[in-house]
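Source file: protein-v1.pdb; contents: PDB, C-alpha atoms.
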ATOM      1  CA  MET A   1     -30.581   7.780 -10.592  1.00  0.00           C
ATOM      2  CA  ALA A   2     -28.368   4.693 -10.074  1.00  0.00           C
ATOM      3  CA  ARG A   3     -24.679   5.442  -9.821  1.00  0.00           C
ATOM      4  CA  ASN A   4     -22.276   4.054 -12.416  1.00  0.00           C
ATOM      5  CA  CYS A   5     -20.809   0.689 -11.359  1.00  0.00           C
ATOM      6  CA  CYS A   6     -17.299   2.005 -12.058  1.00  0.00           C
ATOM      7  CA  ASP A   7     -17.757   5.215 -10.036  1.00  0.00           C
ATOM      8  CA  ALA A   8     -14.970   5.711  -7.492  1.00  0.00           C
ATOM      9  CA  ALA A   9     -17.599   6.463  -4.861  1.00  0.00           C
ATOM     10  CA  ASP A  10     -19.013   2.988  -5.360  1.00  0.00           C
ATOM     11  CA  VAL A  11     -15.708   1.218  -4.851  1.00  0.00           C
ATOM     12  CA  GLY A  12     -14.458   3.379  -2.009  1.00  0.00           C
ATOM     13  CA  ASP A  13     -16.190   1.193   0.590  1.00  0.00           C
ATOM     14  CA  ALA A  14     -15.604  -2.050  -1.284  1.00  0.00           C
ATOM     15  CA  HIS A  15     -13.033  -3.206   1.287  1.00  0.00           C
ATOM     16  CA  ASN A  16     -16.039  -3.887   3.531  1.00  0.00           C
ATOM     17  CA  ASP A  17     -17.985  -5.494   0.692  1.00  0.00           C
ATOM     18  CA  PRO A  18     -18.249  -9.312   0.846  1.00  0.00           C
ATOM     19  CA  ARG A  19     -18.201  -9.354  -2.967  1.00  0.00           C
ATOM     20  CA  TRP A  20     -14.724  -7.783  -2.981  1.00  0.00           C
ATOM     21  CA  ARG A  21     -13.446 -10.472  -0.618  1.00  0.00           C
ATOM     22  CA  ARG A  22     -15.055 -13.262  -2.638  1.00  0.00           C
ATOM     23  CA  VAL A  23     -13.442 -11.977  -5.826  1.00  0.00           C
ATOM     24  CA  LEU A  24     -10.049 -11.901  -4.106  1.00  0.00           C
ATOM     25  CA  TRP A  25     -10.464 -15.466  -2.803  1.00  0.00           C
ATOM     26  CA  VAL A  26     -11.349 -16.743  -6.276  1.00  0.00           C
ATOM     27  CA  ALA A  27      -8.438 -14.814  -7.812  1.00  0.00           C
ATOM     28  CA  LEU A  28      -6.075 -16.170  -5.147  1.00  0.00           C
ATOM     29  CA  ALA A  29      -7.106 -19.781  -5.825  1.00  0.00           C
ATOM     30  CA  LEU A  30      -6.863 -19.442  -9.619  1.00  0.00           C
ATOM     31  CA  ASN A  31      -3.445 -17.784  -9.448  1.00  0.00           C
ATOM     32  CA  ALA A  32      -2.053 -20.422  -7.084  1.00  0.00           C
ATOM     33  CA  ILE A  33      -3.232 -23.209  -9.404  1.00  0.00           C
ATOM     34  CA  MET A  34      -1.772 -21.504 -12.467  1.00  0.00           C
ATOM     35  CA  PHE A  35       1.563 -20.966 -10.707  1.00  0.00           C
ATOM     36  CA  ALA A  36       1.868 -24.711 -10.134  1.00  0.00           C
ATOM     37  CA  ILE A  37       0.947 -25.506 -13.749  1.00  0.00           C
ATOM     38  CA  GLU A  38       3.180 -22.890 -15.350  1.00  0.00           C
ATOM     39  CA  ILE A  39       6.310 -23.426 -13.280  1.00  0.00           C
ATOM     40  CA  VAL A  40       6.292 -27.151 -14.121  1.00  0.00           C
ATOM     41  CA  ALA A  41       5.540 -26.480 -17.786  1.00  0.00           C
ATOM     42  CA  GLY A  42       8.073 -23.645 -17.994  1.00  0.00           C
ATOM     43  CA  ILE A  43      10.905 -25.775 -16.649  1.00  0.00           C
ATOM     44  CA  ALA A  44       9.926 -28.745 -18.829  1.00  0.00           C
ATOM     45  CA  ALA A  45       9.690 -26.529 -21.943  1.00  0.00           C
ATOM     46  CA  ASP A  46      12.861 -24.525 -21.090  1.00  0.00           C
ATOM     47  CA  SER A  47      10.792 -21.358 -21.518  1.00  0.00           C
ATOM     48  CA  ARG A  48      11.926 -18.239 -19.663  1.00  0.00           C
ATOM     49  CA  ALA A  49       8.661 -16.529 -20.583  1.00  0.00           C
ATOM     50  CA  LEU A  50       6.542 -19.290 -19.008  1.00  0.00           C
ATOM     51  CA  GLN A  51       8.737 -19.370 -15.906  1.00  0.00           C
ATOM     52  CA  ALA A  52       8.447 -15.586 -15.618  1.00  0.00           C
ATOM     53  CA  ASP A  53       4.676 -15.771 -15.994  1.00  0.00           C
ATOM     54  CA  ALA A  54       4.548 -18.535 -13.365  1.00  0.00           C
ATOM     55  CA  LEU A  55       6.411 -16.358 -10.873  1.00  0.00           C
ATOM     56  CA  ASP A  56       4.024 -13.559 -11.728  1.00  0.00           C
ATOM     57  CA  PHE A  57       1.112 -15.838 -10.762  1.00  0.00           C
ATOM     58  CA  LEU A  58       2.903 -16.602  -7.487  1.00  0.00           C
ATOM     59  CA  GLY A  59       3.453 -12.901  -6.800  1.00  0.00           C
ATOM     60  CA  ASP A  60      -0.185 -12.143  -7.568  1.00  0.00           C
ATOM     61  CA  SER A  61      -1.312 -14.880  -5.175  1.00  0.00           C
ATOM     62  CA  ALA A  62       0.707 -13.181  -2.439  1.00  0.00           C
ATOM     63  CA  ASN A  63      -0.728  -9.799  -3.419  1.00  0.00           C
ATOM     64  CA  TYR A  64      -4.305 -11.062  -3.210  1.00  0.00           C
ATOM     65  CA  ALA A  65      -3.558 -12.604   0.194  1.00  0.00           C
ATOM     66  CA  ILE A  66      -2.181  -9.248   1.420  1.00  0.00           C
ATOM     67  CA  SER A  67      -5.246  -7.441   0.085  1.00  0.00           C
ATOM     68  CA  LEU A  68      -7.513  -9.839   1.967  1.00  0.00           C
ATOM     69  CA  GLY A  69      -5.472  -9.268   5.115  1.00  0.00           C
ATOM     70  CA  VAL A  70      -5.849  -5.480   5.044  1.00  0.00           C
ATOM     71  CA  ALA A  71      -9.459  -5.364   3.803  1.00  0.00           C
ATOM     72  CA  GLY A  72     -11.468  -3.126   6.140  1.00  0.00           C
ATOM     73  CA  MET A  73      -8.398  -1.470   7.684  1.00  0.00           C
ATOM     74  CA  ALA A  74      -7.697   2.257   7.591  1.00  0.00           C
ATOM     75  CA  ILE A  75      -6.428   3.709   4.326  1.00  0.00           C
ATOM     76  CA  ALA A  76      -2.944   4.250   5.794  1.00  0.00           C
ATOM     77  CA  TRP A  77      -2.565   0.501   6.386  1.00  0.00           C
ATOM     78  CA  ARG A  78      -3.918  -0.309   2.944  1.00  0.00           C
ATOM     79  CA  ALA A  79      -1.443   2.152   1.440  1.00  0.00           C
ATOM     80  CA  ARG A  80       1.437   0.494   3.340  1.00  0.00           C
ATOM     81  CA  ALA A  81       0.302  -2.880   2.012  1.00  0.00           C
ATOM     82  CA  ALA A  82       0.302  -1.409  -1.494  1.00  0.00           C
ATOM     83  CA  LEU A  83       3.897  -0.211  -0.966  1.00  0.00           C
ATOM     84  CA  ALA A  84       4.887  -3.768  -0.011  1.00  0.00           C
ATOM     85  CA  LYS A  85       3.203  -5.065  -3.148  1.00  0.00           C
ATOM     86  CA  ALA A  86       4.970  -2.459  -5.271  1.00  0.00           C
ATOM     87  CA  ALA A  87       8.282  -3.699  -3.886  1.00  0.00           C
ATOM     88  CA  THR A  88       7.269  -7.283  -4.730  1.00  0.00           C
ATOM     89  CA  MET A  89       6.383  -6.301  -8.301  1.00  0.00           C
ATOM     90  CA  LEU A  90       9.714  -4.499  -8.670  1.00  0.00           C
ATOM     91  CA  GLY A  91      11.642  -7.505  -7.350  1.00  0.00           C
ATOM     92  CA  PHE A  92       9.800  -9.811  -9.740  1.00  0.00           C
ATOM     93  CA  GLY A  93      10.569  -7.532 -12.682  1.00  0.00           C
ATOM     94  CA  LEU A  94      14.270  -7.365 -11.886  1.00  0.00           C
ATOM     95  CA  TRP A  95      14.478 -11.146 -11.433  1.00  0.00           C
ATOM     96  CA  VAL A  96      12.783 -11.808 -14.777  1.00  0.00           C
ATOM     97  CA  LEU A  97      15.033  -9.308 -16.522  1.00  0.00           C
ATOM     98  CA  GLY A  98      18.100 -11.046 -15.083  1.00  0.00           C
ATOM     99  CA  SER A  99      16.746 -14.464 -16.117  1.00  0.00           C
ATOM    100  CA  ALA A 100      16.190 -13.277 -19.689  1.00  0.00           C
ATOM    101  CA  LEU A 101      19.728 -11.906 -19.903  1.00  0.00           C
ATOM    102  CA  TRP A 102      21.094 -15.172 -18.505  1.00  0.00           C
ATOM    103  CA  GLY A 103      19.182 -17.172 -21.110  1.00  0.00           C
ATOM    104  CA  PHE A 104      20.512 -14.905 -23.853  1.00  0.00           C
ATOM    105  CA  PHE A 105      24.123 -15.584 -22.880  1.00  0.00           C
ATOM    106  CA  VAL A 106      23.947 -19.288 -21.964  1.00  0.00           C
ATOM    107  CA  GLY A 107      21.383 -20.287 -24.589  1.00  0.00           C
ATOM    108  CA  ALA A 108      17.893 -21.812 -24.407  1.00  0.00           C
ATOM    109  CA  SER A 109      15.688 -24.116 -26.481  1.00  0.00           C
ATOM    110  CA  PRO A 110      12.034 -23.437 -25.561  1.00  0.00           C
ATOM    111  CA  ASP A 111       9.236 -25.737 -26.767  1.00  0.00           C
ATOM    112  CA  ALA A 112       6.709 -23.703 -28.740  1.00  0.00           C
ATOM    113  CA  GLY A 113       3.852 -26.211 -28.380  1.00  0.00           C
ATOM    114  CA  THR A 114       3.924 -26.229 -24.600  1.00  0.00           C
ATOM    115  CA  MET A 115       4.275 -22.440 -24.531  1.00  0.00           C
ATOM    116  CA  GLY A 116       1.193 -22.036 -26.709  1.00  0.00           C
ATOM    117  CA  ILE A 117      -1.069 -24.418 -24.788  1.00  0.00           C
ATOM    118  CA  VAL A 118      -0.134 -23.184 -21.330  1.00  0.00           C
ATOM    119  CA  GLY A 119      -0.061 -19.555 -22.468  1.00  0.00           C
ATOM    120  CA  PHE A 120      -3.620 -19.837 -23.797  1.00  0.00           C
ATOM    121  CA  LEU A 121      -4.825 -21.388 -20.528  1.00  0.00           C
ATOM    122  CA  ALA A 122      -3.113 -18.626 -18.530  1.00  0.00           C
ATOM    123  CA  LEU A 123      -4.697 -15.958 -20.722  1.00  0.00           C
ATOM    124  CA  ALA A 124      -8.178 -17.401 -20.153  1.00  0.00           C
ATOM    125  CA  VAL A 125      -7.638 -17.422 -16.376  1.00  0.00           C
ATOM    126  CA  ASN A 126      -6.262 -13.876 -16.278  1.00  0.00           C
ATOM    127  CA  LEU A 127      -9.053 -12.477 -18.452  1.00  0.00           C
ATOM    128  CA  ALA A 128     -11.581 -14.031 -16.089  1.00  0.00           C
ATOM    129  CA  VAL A 129      -9.847 -12.518 -13.044  1.00  0.00           C
ATOM    130  CA  ALA A 130      -9.451  -9.117 -14.726  1.00  0.00           C
ATOM    131  CA  GLY A 131     -13.146  -9.159 -15.588  1.00  0.00           C
ATOM    132  CA  MET A 132     -14.074  -9.800 -11.954  1.00  0.00           C
ATOM    133  CA  LEU A 133     -11.801  -6.995 -10.752  1.00  0.00           C
ATOM    134  CA  PHE A 134     -12.726  -4.426 -13.422  1.00  0.00           C
ATOM    135  CA  ARG A 135     -15.261  -2.528 -11.305  1.00  0.00           C
ATOM    136  CA  TYR A 136     -12.647  -2.003  -8.557  1.00  0.00           C
ATOM    137  CA  ARG A 137      -9.954  -0.498 -10.808  1.00  0.00           C
ATOM    138  CA  THR A 138     -10.648   3.096  -9.631  1.00  0.00           C
ATOM    139  CA  GLY A 139     -10.277   2.389  -5.902  1.00  0.00           C
ATOM    140  CA  ASP A 140      -7.373   3.204  -3.590  1.00  0.00           C
ATOM    141  CA  ALA A 141      -3.756   2.144  -4.162  1.00  0.00           C
ATOM    142  CA  ASN A 142      -4.401  -1.296  -2.684  1.00  0.00           C
ATOM    143  CA  MET A 143      -7.310  -1.966  -5.049  1.00  0.00           C
ATOM    144  CA  ARG A 144      -5.486  -0.377  -7.970  1.00  0.00           C
ATOM    145  CA  SER A 145      -2.461  -2.606  -7.397  1.00  0.00           C
ATOM    146  CA  VAL A 146      -4.690  -5.677  -7.670  1.00  0.00           C
ATOM    147  CA  TRP A 147      -6.204  -4.390 -10.913  1.00  0.00           C
ATOM    148  CA  ILE A 148      -2.797  -3.461 -12.377  1.00  0.00           C
ATOM    149  CA  CYS A 149      -1.435  -6.928 -11.622  1.00  0.00           C
ATOM    150  CA  SER A 150      -4.376  -8.578 -13.391  1.00  0.00           C
ATOM    151  CA  ARG A 151      -4.200  -6.192 -16.339  1.00  0.00           C
ATOM    152  CA  ASN A 152      -0.471  -6.773 -16.758  1.00  0.00           C
ATOM    153  CA  ASP A 153      -0.963 -10.525 -16.534  1.00  0.00           C
ATOM    154  CA  ALA A 154      -3.444 -10.563 -19.420  1.00  0.00           C
ATOM    155  CA  ILE A 155      -1.101  -8.433 -21.543  1.00  0.00           C
ATOM    156  CA  GLY A 156       1.786 -10.715 -20.599  1.00  0.00           C
ATOM    157  CA  ASN A 157      -0.142 -13.821 -21.626  1.00  0.00           C
ATOM    158  CA  VAL A 158      -0.785 -12.386 -25.080  1.00  0.00           C
ATOM    159  CA  ALA A 159       2.949 -11.751 -25.314  1.00  0.00           C
ATOM    160  CA  VAL A 160       3.693 -15.358 -24.271  1.00  0.00           C
ATOM    161  CA  LEU A 161       1.425 -16.612 -27.062  1.00  0.00           C
ATOM    162  CA  ALA A 162       3.222 -14.315 -29.507  1.00  0.00           C
ATOM    163  CA  ALA A 163       6.532 -15.721 -28.275  1.00  0.00           C
ATOM    164  CA  ALA A 164       5.292 -19.265 -28.878  1.00  0.00           C
ATOM    165  CA  VAL A 165       4.458 -18.337 -32.461  1.00  0.00           C
ATOM    166  CA  GLY A 166       7.836 -16.656 -32.830  1.00  0.00           C
ATOM    167  CA  VAL A 167       9.744 -19.645 -31.453  1.00  0.00           C
ATOM    168  CA  PHE A 168       7.788 -21.999 -33.739  1.00  0.00           C
ATOM    169  CA  GLY A 169       8.342 -19.811 -36.805  1.00  0.00           C
ATOM    170  CA  THR A 170      12.026 -19.038 -36.291  1.00  0.00           C
ATOM    171  CA  GLY A 171      13.244 -22.097 -34.405  1.00  0.00           C
ATOM    172  CA  ALA A 172      15.184 -19.680 -32.191  1.00  0.00           C
ATOM    173  CA  ALA A 173      14.943 -18.754 -28.515  1.00  0.00           C
ATOM    174  CA  TRP A 174      15.045 -14.973 -28.870  1.00  0.00           C
ATOM    175  CA  PRO A 175      11.214 -14.470 -29.023  1.00  0.00           C
ATOM    176  CA  ASP A 176      10.895 -16.268 -25.671  1.00  0.00           C
ATOM    177  CA  LEU A 177      13.660 -14.154 -24.138  1.00  0.00           C
ATOM    178  CA  ALA A 178      12.217 -10.954 -25.596  1.00  0.00           C
ATOM    179  CA  VAL A 179       8.820 -11.642 -24.027  1.00  0.00           C
ATOM    180  CA  ALA A 180      10.469 -12.348 -20.684  1.00  0.00           C
ATOM    181  CA  GLY A 181      11.985  -8.874 -20.981  1.00  0.00           C
ATOM    182  CA  ILE A 182       8.548  -7.382 -21.763  1.00  0.00           C
ATOM    183  CA  LEU A 183       7.055  -9.056 -18.689  1.00  0.00           C
ATOM    184  CA  ALA A 184       9.874  -7.602 -16.602  1.00  0.00           C
ATOM    185  CA  SER A 185       9.171  -4.110 -17.961  1.00  0.00           C
ATOM    186  CA  LEU A 186       5.439  -4.434 -17.194  1.00  0.00           C
ATOM    187  CA  ALA A 187       6.182  -5.440 -13.606  1.00  0.00           C
ATOM    188  CA  ILE A 188       8.647  -2.580 -13.086  1.00  0.00           C
ATOM    189  CA  TRP A 189       6.286   0.011 -14.616  1.00  0.00           C
ATOM    190  CA  GLY A 190       3.329  -1.315 -12.625  1.00  0.00           C
ATOM    191  CA  SER A 191       5.313  -1.122  -9.389  1.00  0.00           C
ATOM    192  CA  ALA A 192       6.078   2.542 -10.096  1.00  0.00           C
ATOM    193  CA  GLU A 193       2.359   3.311 -10.647  1.00  0.00           C
ATOM    194  CA  VAL A 194       1.343   1.656  -7.382  1.00  0.00           C
ATOM    195  CA  PHE A 195       4.224   3.236  -5.426  1.00  0.00           C
ATOM    196  CA  VAL A 196       3.326   6.782  -6.519  1.00  0.00           C
ATOM    197  CA  GLN A 197      -0.357   6.423  -5.577  1.00  0.00           C
ATOM    198  CA  ALA A 198       0.387   4.657  -2.280  1.00  0.00           C
ATOM    199  CA  ARG A 199       2.844   7.391  -1.244  1.00  0.00           C
ATOM    200  CA  ARG A 200       0.233  10.054  -2.077  1.00  0.00           C
ATOM    201  CA  GLU A 201      -2.383   8.261   0.027  1.00  0.00           C
ATOM    202  CA  LEU A 202       0.016   7.920   2.944  1.00  0.00           C
ATOM    203  CA  ARG A 203       0.739  11.669   2.867  1.00  0.00           C
ATOM    204  CA  THR A 204      -2.951  12.579   2.826  1.00  0.00           C
ATOM    205  CA  SER A 205      -3.786  10.146   5.662  1.00  0.00           C
ATOM    206  CA  ILE A 206      -1.352  11.734   8.118  1.00  0.00           C
TER     207      ILE A 206
END
Same coordinates, now as structure tokens:
Amino acid sequence: MARNCCDAADVGDAHNDPRWRRVLWVALALNAIMFAIEIVAGIAADSRALQADALDFLGDSANYAISLGVAGMAIAWRARAALAKAATMLGFGLWVLGSALWGFFVGASPDAGTMGIVGFLALAVNLAVAGMLFRYRTGDANMRSVWICSRNDAIGNVAVLAAAVGVFGTGAAWPDLAVAGILASLAIWGSAEVFVQARRELRTSI
């Protein structure tokens, strides 16, 4: 009987699977393009949420590049790469949290229209990437970190769209700042998930 496509046994050897590498290359290209679009739009729209999401795209691009670099290596090296990515996710989360607090104290005037258009585009891209990576979500810490990043991105994009609606409806900046805080929390929580699994894999590989 054919094994389930989401079975961990199927994805265990995916680091040597050309399909895994192709998915990562596509994800890397899409994330790099979206970083460029969102950082420009976020600055122009004075949106902390868009700027945070743009930096998330940049961080994911780096994560995909690291995953491509360690594909086919021993699990210990993949686990070390996952630890590096967990640190990156944590740093991103702390930066976004600080940016949101700064915007709260100094004030901001985000443009809801730009937030909505760019947020919708980002959501479409992240759903496509998450769909491509879905079958690899039960792999090792390195694969799981890639899936968690994509999952968090899609959730974050929905939050950005909600912030755009909130900014439009209230005429205030607090929905944008609140979403930036949510994105920070997702990054910090995701980094903890990846760190725990990567440490467990390192212990078992010794």
Contact table region 109-179 of chain A vs region 89-94 of chain A, cut-off 12 Å, shortest pair per residue, only C-alpha atoms, as CSV:
residue,atom,partner,partner_atom,distance
A:Ser145,CA,A:Met89,CA,9.6
A:Val146,CA,A:Met89,CA,11.1
A:Ile148,CA,A:Met89,CA,10.4
A:Cys149,CA,A:Met89,CA,8.5
A:Asn152,CA,A:Met89,CA,10.9
A:Asp153,CA,A:Met89,CA,11.8
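Each of A:Arg48, A:Arg19, A:Arg199, A:Arg151 was checked against Leu97 (chain A) using only C-alpha atoms; the smallest atom-to-atom distance is that of A:Arg48.
Comparing the minimum interatomic distances between Gly116 (chain A) and each of A:Ala173, A:Ile188, A:Leu55, A:Val158, counting only C-alpha atoms, we find that A:Val158 sits nearest.
Between CA of Ala82 (chain A) and CA of Thr204 (chain A) the separation is 15.0 Å.
With CA of Ala154 (chain A) on one side and CA of Asn126 (chain A) on the other, the separation reads 5.4 Å.
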**Request:** Apply the PyMOL selection byres ((chain A and resi 125) around 12) to the file shown and report the selected residues as number ranges by chain.
**Result:** A: 26-35, 57, 118-124, 126-132, 150-151, 153-154, 157
Could you model N, CA and C atoms for region 40-72 of chain A and present them as a PDB file, in the frame of the given file?
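Result file is part18.pdb:
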ATOM      1  N   VAL A  40       5.933 -25.817 -13.637  1.00  0.00           N
ATOM      2  CA  VAL A  40       6.292 -27.151 -14.121  1.00  0.00           C
ATOM      3  C   VAL A  40       6.456 -27.137 -15.641  1.00  0.00           C
ATOM      4  N   ALA A  41       5.489 -26.536 -16.330  1.00  0.00           N
ATOM      5  CA  ALA A  41       5.540 -26.480 -17.786  1.00  0.00           C
ATOM      6  C   ALA A  41       6.716 -25.638 -18.275  1.00  0.00           C
ATOM      7  N   GLY A  42       6.986 -24.522 -17.582  1.00  0.00           N
ATOM      8  CA  GLY A  42       8.073 -23.645 -17.994  1.00  0.00           C
ATOM      9  C   GLY A  42       9.428 -24.314 -17.893  1.00  0.00           C
ATOM     10  N   ILE A  43       9.634 -25.061 -16.815  1.00  0.00           N
ATOM     11  CA  ILE A  43      10.905 -25.775 -16.649  1.00  0.00           C
ATOM     12  C   ILE A  43      11.016 -26.896 -17.682  1.00  0.00           C
ATOM     13  N   ALA A  44       9.917 -27.639 -17.870  1.00  0.00           N
ATOM     14  CA  ALA A  44       9.926 -28.745 -18.829  1.00  0.00           C
ATOM     15  C   ALA A  44      10.155 -28.248 -20.255  1.00  0.00           C
ATOM     16  N   ALA A  45       9.579 -27.069 -20.586  1.00  0.00           N
ATOM     17  CA  ALA A  45       9.690 -26.529 -21.943  1.00  0.00           C
ATOM     18  C   ALA A  45      10.910 -25.633 -22.123  1.00  0.00           C
ATOM     19  N   ASP A  46      11.691 -25.414 -21.054  1.00  0.00           N
ATOM     20  CA  ASP A  46      12.861 -24.525 -21.090  1.00  0.00           C
ATOM     21  C   ASP A  46      12.467 -23.128 -21.576  1.00  0.00           C
ATOM     22  N   SER A  47      11.302 -22.655 -21.094  1.00  0.00           N
ATOM     23  CA  SER A  47      10.792 -21.358 -21.518  1.00  0.00           C
ATOM     24  C   SER A  47      10.940 -20.337 -20.403  1.00  0.00           C
ATOM     25  N   ARG A  48      11.768 -19.312 -20.643  1.00  0.00           N
ATOM     26  CA  ARG A  48      11.926 -18.239 -19.663  1.00  0.00           C
ATOM     27  C   ARG A  48      10.630 -17.441 -19.527  1.00  0.00           C
ATOM     28  N   ALA A  49       9.904 -17.288 -20.626  1.00  0.00           N
ATOM     29  CA  ALA A  49       8.661 -16.529 -20.583  1.00  0.00           C
ATOM     30  C   ALA A  49       7.621 -17.228 -19.709  1.00  0.00           C
ATOM     31  N   LEU A  50       7.486 -18.553 -19.843  1.00  0.00           N
ATOM     32  CA  LEU A  50       6.542 -19.290 -19.008  1.00  0.00           C
ATOM     33  C   LEU A  50       6.967 -19.268 -17.544  1.00  0.00           C
ATOM     34  N   GLN A  51       8.262 -19.413 -17.285  1.00  0.00           N
ATOM     35  CA  GLN A  51       8.737 -19.370 -15.906  1.00  0.00           C
ATOM     36  C   GLN A  51       8.484 -17.991 -15.305  1.00  0.00           C
ATOM     37  N   ALA A  52       8.701 -16.946 -16.096  1.00  0.00           N
ATOM     38  CA  ALA A  52       8.447 -15.586 -15.618  1.00  0.00           C
ATOM     39  C   ALA A  52       6.971 -15.397 -15.318  1.00  0.00           C
ATOM     40  N   ASP A  53       6.110 -15.911 -16.211  1.00  0.00           N
ATOM     41  CA  ASP A  53       4.676 -15.771 -15.994  1.00  0.00           C
ATOM     42  C   ASP A  53       4.226 -16.574 -14.778  1.00  0.00           C
ATOM     43  N   ALA A  54       4.874 -17.730 -14.547  1.00  0.00           N
ATOM     44  CA  ALA A  54       4.548 -18.535 -13.365  1.00  0.00           C
ATOM     45  C   ALA A  54       4.874 -17.771 -12.086  1.00  0.00           C
ATOM     46  N   LEU A  55       6.038 -17.140 -12.051  1.00  0.00           N
ATOM     47  CA  LEU A  55       6.411 -16.358 -10.873  1.00  0.00           C
ATOM     48  C   LEU A  55       5.488 -15.162 -10.698  1.00  0.00           C
ATOM     49  N   ASP A  56       4.994 -14.644 -11.808  1.00  0.00           N
ATOM     50  CA  ASP A  56       4.024 -13.559 -11.728  1.00  0.00           C
ATOM     51  C   ASP A  56       2.744 -14.050 -11.067  1.00  0.00           C
ATOM     52  N   PHE A  57       2.286 -15.256 -11.411  1.00  0.00           N
ATOM     53  CA  PHE A  57       1.112 -15.838 -10.762  1.00  0.00           C
ATOM     54  C   PHE A  57       1.367 -16.010  -9.260  1.00  0.00           C
ATOM     55  N   LEU A  58       2.575 -16.437  -8.901  1.00  0.00           N
ATOM     56  CA  LEU A  58       2.903 -16.602  -7.487  1.00  0.00           C
ATOM     57  C   LEU A  58       2.865 -15.253  -6.765  1.00  0.00           C
ATOM     58  N   GLY A  59       3.461 -14.235  -7.392  1.00  0.00           N
ATOM     59  CA  GLY A  59       3.453 -12.901  -6.800  1.00  0.00           C
ATOM     60  C   GLY A  59       2.046 -12.351  -6.647  1.00  0.00           C
ATOM     61  N   ASP A  60       1.193 -12.613  -7.650  1.00  0.00           N
ATOM     62  CA  ASP A  60      -0.185 -12.143  -7.568  1.00  0.00           C
ATOM     63  C   ASP A  60      -0.944 -12.852  -6.456  1.00  0.00           C
ATOM     64  N   SER A  61      -0.668 -14.148  -6.272  1.00  0.00           N
ATOM     65  CA  SER A  61      -1.312 -14.880  -5.175  1.00  0.00           C
ATOM     66  C   SER A  61      -0.984 -14.220  -3.839  1.00  0.00           C
ATOM     67  N   ALA A  62       0.292 -13.862  -3.671  1.00  0.00           N
ATOM     68  CA  ALA A  62       0.707 -13.181  -2.439  1.00  0.00           C
ATOM     69  C   ALA A  62       0.027 -11.822  -2.312  1.00  0.00           C
ATOM     70  N   ASN A  63      -0.084 -11.109  -3.445  1.00  0.00           N
ATOM     71  CA  ASN A  63      -0.728  -9.799  -3.419  1.00  0.00           C
ATOM     72  C   ASN A  63      -2.200  -9.888  -3.030  1.00  0.00           C
ATOM     73  N   TYR A  64      -2.905 -10.893  -3.561  1.00  0.00           N
ATOM     74  CA  TYR A  64      -4.305 -11.062  -3.210  1.00  0.00           C
ATOM     75  C   TYR A  64      -4.446 -11.413  -1.728  1.00  0.00           C
ATOM     76  N   ALA A  65      -3.522 -12.237  -1.223  1.00  0.00           N
ATOM     77  CA  ALA A  65      -3.558 -12.604   0.194  1.00  0.00           C
ATOM     78  C   ALA A  65      -3.353 -11.367   1.073  1.00  0.00           C
ATOM     79  N   ILE A  66      -2.414 -10.482   0.667  1.00  0.00           N
ATOM     80  CA  ILE A  66      -2.181  -9.248   1.420  1.00  0.00           C
ATOM     81  C   ILE A  66      -3.420  -8.368   1.385  1.00  0.00           C
ATOM     82  N   SER A  67      -4.050  -8.261   0.214  1.00  0.00           N
ATOM     83  CA  SER A  67      -5.246  -7.441   0.085  1.00  0.00           C
ATOM     84  C   SER A  67      -6.367  -7.950   0.979  1.00  0.00           C
ATOM     85  N   LEU A  68      -6.509  -9.263   1.068  1.00  0.00           N
ATOM     86  CA  LEU A  68      -7.513  -9.839   1.967  1.00  0.00           C
ATOM     87  C   LEU A  68      -7.179  -9.519   3.422  1.00  0.00           C
ATOM     88  N   GLY A  69      -5.886  -9.525   3.742  1.00  0.00           N
ATOM     89  CA  GLY A  69      -5.472  -9.268   5.115  1.00  0.00           C
ATOM     90  C   GLY A  69      -5.747  -7.853   5.575  1.00  0.00           C
ATOM     91  N   VAL A  70      -5.664  -6.882   4.652  1.00  0.00           N
ATOM     92  CA  VAL A  70      -5.849  -5.480   5.044  1.00  0.00           C
ATOM     93  C   VAL A  70      -7.242  -4.959   4.711  1.00  0.00           C
ATOM     94  N   ALA A  71      -8.102  -5.802   4.138  1.00  0.00           N
ATOM     95  CA  ALA A  71      -9.459  -5.364   3.803  1.00  0.00           C
ATOM     96  C   ALA A  71     -10.167  -4.871   5.065  1.00  0.00           C
ATOM     97  N   GLY A  72     -10.758  -3.698   5.003  1.00  0.00           N
ATOM     98  CA  GLY A  72     -11.468  -3.126   6.140  1.00  0.00           C
ATOM     99  C   GLY A  72     -10.600  -2.277   7.043  1.00  0.00           C
TER     100      GLY A  72
END
